[in-house]
Amino acid sequence: MPLRKLATLACLLCSLLLGGCTEQPQAALEAAVQQLQDSLEGKRTATLMELLHPDFRAQQQHDRDWARRTAALMFLRHRNVGVLALGQRSWIDPTYPDRGHTEAQVALTGAEGLLPQQAAHYSVRLEWWREGDDWRLARLDWD
C-alpha cells in the first residue's frame, strides 16, 4: 500500500476515534440526565443519591442530606411521582470538559391515582461534574 494511502487511512481512523471521544461524554451526560428523571419517577432514593456529587448544592445552600430528605418526603407523600421535561438541552462546557450543564423546563406532579393531585412548573439549571466516565450532579438551581 502506498505511503500516501496509508497516511490517509491513519488520518481517517484518528478522526473517527476522536469523533467518538467527543460524542461519548455527551451521550453519558444525557444518560445521567435520563437516569435522574427515572430515579425520581421510580422513587429510587439510593439511585438518586448515587447521581449526586459529594459536594452537591441546591440553590447554593442545600446539601446531599437535604436532597435525600426532600426526595423521601415526596416519595412518601405521593404514590406516583411524575417528571415531565417540557424542554431540555444538555451540553459540555467547552472550556472545562469535565463540566456539563443541563437547562430544562420541568413539570413535577404527585398523585395517589392516575390524576395528579399536585403539580408545579420549574425552570431548572443543573451543573454536572465528571468523575472518570460518570457524571454527578453537583449544582441544582431553579426558578
# chains A, B, ... in the order shown; residues from 1 in each chain; ligands from 1

call {"tool": "residues_around", "arguments": {"residues": "stretch 97-103 of chain A", "least_positions_apart": "4", "cutoff": "7 Å", "atoms": "only C-alpha atoms", "output": "number ranges by chain"}}
result
A: 88-93, 124-130

call {"tool": "write_last_selection", "arguments": {"atoms": "N, CA, C and O atoms", "output": "compact mmCIF listing (two decimals), in the first residue's frame"}}
result
# COMPACT_ATOMS: atom_id res chain seq x y z
N GLN A 88 -35.60 20.66 27.06
CA GLN A 88 -34.35 20.34 27.74
C GLN A 88 -33.19 20.39 26.76
O GLN A 88 -33.33 19.99 25.61
N ARG A 89 -32.06 20.90 27.24
CA ARG A 89 -30.83 20.82 26.44
C ARG A 89 -29.66 20.63 27.39
O ARG A 89 -29.62 21.21 28.47
N SER A 90 -28.74 19.78 26.98
CA SER A 90 -27.54 19.49 27.76
C SER A 90 -26.32 19.72 26.88
O SER A 90 -26.36 19.47 25.68
N TRP A 91 -25.26 20.21 27.50
CA TRP A 91 -24.02 20.43 26.76
C TRP A 91 -22.84 20.33 27.71
O TRP A 91 -22.97 20.47 28.92
N ILE A 92 -21.67 20.09 27.12
CA ILE A 92 -20.42 20.03 27.87
C ILE A 92 -19.73 21.38 27.72
O ILE A 92 -19.66 21.94 26.62
N ASP A 93 -19.24 21.90 28.82
CA ASP A 93 -18.57 23.20 28.82
C ASP A 93 -17.34 23.12 27.91
O ASP A 93 -16.49 22.26 28.10
N VAL A 124 -35.20 24.78 35.56
CA VAL A 124 -34.08 24.24 36.32
C VAL A 124 -32.78 24.36 35.54
O VAL A 124 -32.75 24.29 34.31
N ARG A 125 -31.70 24.54 36.29
CA ARG A 125 -30.34 24.57 35.76
C ARG A 125 -29.52 23.58 36.58
O ARG A 125 -29.46 23.69 37.81
N LEU A 126 -28.92 22.64 35.90
CA LEU A 126 -28.11 21.61 36.55
C LEU A 126 -26.67 21.73 36.08
O LEU A 126 -26.44 21.94 34.89
N GLU A 127 -25.76 21.58 36.99
CA GLU A 127 -24.35 21.52 36.63
C GLU A 127 -23.82 20.15 37.05
O GLU A 127 -23.96 19.75 38.20
N TRP A 128 -23.25 19.46 36.09
CA TRP A 128 -22.73 18.12 36.29
C TRP A 128 -21.21 18.15 36.30
O TRP A 128 -20.61 18.87 35.52
N TRP A 129 -20.60 17.35 37.17
CA TRP A 129 -19.14 17.23 37.20
C TRP A 129 -18.81 15.78 36.86
O TRP A 129 -19.39 14.85 37.41
N ARG A 130 -17.86 15.63 35.94
CA ARG A 130 -17.48 14.28 35.51
C ARG A 130 -16.41 13.72 36.43
O ARG A 130 -15.41 14.37 36.73

call {"tool": "atom_distance", "arguments": {"atom1": "atom CA of A:Leu137", "atom2": "atom CA of A:His53"}}
result
5.4 Å

call {"tool": "closest_residue", "arguments": {"among": "A:Lys43, A:Thr109, A:Glu131, A:Glu30", "to": "A:Ala72", "atoms": "only C-alpha atoms"}}
result
A:Lys43

call {"tool": "residues_around", "arguments": {"residues": "A:Ser123", "least_positions_apart": "3", "cutoff": "8 Å", "atoms": "only C-alpha atoms", "output": "list in words"}}
result
Glu103, Ala104, Gln105, Val106, Trp142 and Asp143 of chain A

call {"tool": "write_last_selection", "arguments": {"atoms": "C-alpha atoms", "output": "mmCIF file, in the first residue's frame"}}
result
data_model
loop_
_atom_site.group_PDB
_atom_site.id
_atom_site.type_symbol
_atom_site.label_atom_id
_atom_site.label_comp_id
_atom_site.auth_asym_id
_atom_site.auth_seq_id
_atom_site.Cartn_x
_atom_site.Cartn_y
_atom_site.Cartn_z
ATOM 1 C CA GLU A 103 -31.279 23.532 31.322
ATOM 2 C CA ALA A 104 -34.898 22.414 31.302
ATOM 3 C CA GLN A 105 -38.465 23.415 31.852
ATOM 4 C CA VAL A 106 -39.854 20.738 34.177
ATOM 5 C CA TRP A 142 -34.475 26.519 39.918
ATOM 6 C CA ASP A 143 -36.973 29.322 39.489
#

call {"tool": "closest_residue", "arguments": {"among": "A:Gln26, A:Gly110, A:Ala119, A:Ala31", "to": "A:Leu73", "atoms": "only C-alpha atoms"}}
result
A:Gly110

call {"tool": "closest_residue", "arguments": {"among": "A:Ala28, A:Ala138, A:Val81, A:Arg68", "to": "A:Ala46", "atoms": "only C-alpha atoms"}}
result
A:Arg68

call {"tool": "residues_around", "arguments": {"residues": "A:Asp65", "least_positions_apart": "5", "cutoff": "10 Å", "atoms": "only C-alpha atoms", "output": "list in words"}}
result
Met49, Phe56, Thr70 and Ala71 of chain A

call {"tool": "closest_residue", "arguments": {"among": "A:Gln35, A:Thr45, A:Gln59, A:Gln118", "to": "A:Gly82", "atoms": "only C-alpha atoms"}}
result
A:Gln118

call {"tool": "closest_residue", "arguments": {"among": "A:Leu48, A:Tyr96, A:Asp133, A:Leu86", "to": "A:Arg69", "atoms": "only C-alpha atoms"}}
result
A:Leu48

call {"tool": "atom_distance", "arguments": {"atom1": "atom CA of A:Glu50", "atom2": "atom CA of A:Arg139"}}
result
14.4 Å

call {"tool": "select_by_dssp", "arguments": {"residues": "stretch 52-82 of chain A", "states": "alpha helix (DSSP H)", "output": "list in words"}}
result
Arg64, Asp65, Trp66, Ala67, Arg68, Arg69, Thr70, Ala71, Ala72, Leu73, Met74, Phe75, Leu76 and Arg77 of chain A
